[in-house]
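Enquirer: Take a look at this one; I'll ask things after.
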Amino acid sequence: MTHSLKKLALGAALLAGLSACADDYAGGYGYGYYGSVAPYYGWYGDYYYPGTGYYVYDRYRVARRWSDRDRDYWVARRNGWRGGPVRDNWRGFHGRRWR
């Protein structure tokens, strides 16, 4: 194998590894989800964010104002969203499995 082909193979392997990491980070949504890393709504820790507003919700749908950490996480996800308009989305709320 030539030096260039080895570099190309190594780059492909690294990219595949990073893609797998991104899939884990995004909660299983991966890069194939409407061209974005992950949707702008969903679970983060033990709280659900519907995609709009300043509140996250526990499994009983009790609201609490988001923390700085929550805000940073969800704003970054929303800024990366390329799948259409941003609006409240509770679709994933009931799919959560609790310990």
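Numbering starts fresh at 1 for the residues of each chain in the structure tokens, the chains themselves are lettered A, B, ... in the order given, and ligands are numbered from 1 as they appear.
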With a distance cut-off of 10 Å and only C-alpha atoms, select the neighbouring residues of range 42-54 of chain A, excluding the residue or stretch itself and same-chain residues fewer than 3 positions from it, and output the selection as a PyMOL selection string.

Expert: chain A and resi 26-27+38-39+57-67+70-71+73-75+77-78+86-96+98

Enquirer: Please dump the current selection as a compact mmCIF listing (two decimals), in the first residue's frame; keep N, CA and C atoms.

Expert:
# COMPACT_ATOMS: atom_id res chain seq x y z
N ALA A 26 -25.31 12.16 20.41
CA ALA A 26 -26.59 12.68 19.97
C ALA A 26 -27.75 11.80 20.42
N GLY A 27 -27.49 10.84 21.25
CA GLY A 27 -28.57 10.02 21.74
C GLY A 27 -29.07 9.02 20.71
N ALA A 38 -28.35 16.00 15.62
CA ALA A 38 -29.45 15.54 16.45
C ALA A 38 -30.57 16.57 16.44
N PRO A 39 -31.76 16.16 16.83
CA PRO A 39 -32.87 17.11 16.86
C PRO A 39 -32.70 18.14 17.97
N TYR A 57 -38.46 19.55 31.53
CA TYR A 57 -39.51 18.84 32.25
C TYR A 57 -39.03 17.48 32.71
N ASP A 58 -39.39 17.14 33.96
CA ASP A 58 -39.03 15.82 34.45
C ASP A 58 -40.03 14.79 33.92
N ARG A 59 -39.89 13.54 34.34
CA ARG A 59 -40.73 12.49 33.79
C ARG A 59 -42.21 12.63 34.14
N TYR A 60 -42.52 13.48 35.11
CA TYR A 60 -43.92 13.73 35.47
C TYR A 60 -44.44 15.00 34.80
N ARG A 61 -43.63 15.55 33.93
CA ARG A 61 -43.92 16.79 33.19
C ARG A 61 -43.97 18.01 34.12
N VAL A 62 -43.22 17.95 35.20
CA VAL A 62 -43.08 19.09 36.09
C VAL A 62 -41.94 19.96 35.55
N ALA A 63 -42.24 21.22 35.35
CA ALA A 63 -41.28 22.13 34.73
C ALA A 63 -40.29 22.70 35.74
N ARG A 64 -39.08 22.95 35.28
CA ARG A 64 -38.11 23.74 36.02
C ARG A 64 -37.35 24.57 34.99
N ARG A 65 -36.98 25.76 35.38
CA ARG A 65 -36.22 26.62 34.47
C ARG A 65 -34.89 25.94 34.16
N TRP A 66 -34.47 26.01 32.91
CA TRP A 66 -33.24 25.32 32.54
C TRP A 66 -32.02 25.97 33.18
N SER A 67 -31.03 25.16 33.44
CA SER A 67 -29.76 25.62 34.02
C SER A 67 -28.89 26.17 32.89
N ASP A 70 -28.00 23.24 30.76
CA ASP A 70 -29.11 22.86 29.86
C ASP A 70 -29.19 23.82 28.69
N ARG A 71 -29.13 25.11 28.98
CA ARG A 71 -29.24 26.13 27.93
C ARG A 71 -28.14 25.97 26.89
N TYR A 73 -26.41 23.35 26.11
CA TYR A 73 -26.61 22.11 25.36
C TYR A 73 -27.71 22.28 24.30
N TRP A 74 -28.86 22.79 24.73
CA TRP A 74 -30.00 22.86 23.80
C TRP A 74 -29.85 23.96 22.76
N VAL A 75 -29.24 25.06 23.10
CA VAL A 75 -29.02 26.12 22.10
C VAL A 75 -28.07 25.61 21.02
N ARG A 77 -27.67 22.49 20.08
CA ARG A 77 -28.42 21.53 19.26
C ARG A 77 -29.38 22.26 18.32
N ARG A 78 -30.06 23.27 18.83
CA ARG A 78 -31.01 24.01 17.99
C ARG A 78 -30.28 24.74 16.86
N VAL A 86 -38.58 25.08 13.93
CA VAL A 86 -38.46 24.72 15.34
C VAL A 86 -39.77 25.05 16.04
N ARG A 87 -40.36 24.04 16.66
CA ARG A 87 -41.60 24.25 17.44
C ARG A 87 -41.65 23.18 18.53
N ASP A 88 -42.56 23.34 19.47
CA ASP A 88 -42.69 22.36 20.55
C ASP A 88 -42.82 20.96 19.97
N ASN A 89 -42.11 20.01 20.56
CA ASN A 89 -42.18 18.63 20.10
C ASN A 89 -42.11 17.72 21.32
N TRP A 90 -43.21 17.07 21.64
CA TRP A 90 -43.29 16.16 22.78
C TRP A 90 -43.25 14.70 22.34
N ARG A 91 -42.98 14.46 21.06
CA ARG A 91 -43.02 13.11 20.51
C ARG A 91 -42.15 12.13 21.29
N GLY A 92 -40.98 12.52 21.71
CA GLY A 92 -40.08 11.60 22.40
C GLY A 92 -40.28 11.52 23.90
N PHE A 93 -41.20 12.28 24.43
CA PHE A 93 -41.35 12.34 25.89
C PHE A 93 -41.73 10.99 26.49
N HIS A 94 -42.69 10.31 25.91
CA HIS A 94 -43.19 9.04 26.48
C HIS A 94 -42.34 7.83 26.13
N GLY A 95 -41.37 8.04 25.25
CA GLY A 95 -40.52 6.92 24.87
C GLY A 95 -39.38 6.69 25.83
N ARG A 96 -39.26 7.52 26.85
CA ARG A 96 -38.15 7.43 27.79
C ARG A 96 -38.32 6.25 28.73
N TRP A 98 -37.34 4.55 32.22
CA TRP A 98 -36.82 5.00 33.53
C TRP A 98 -36.20 3.85 34.27
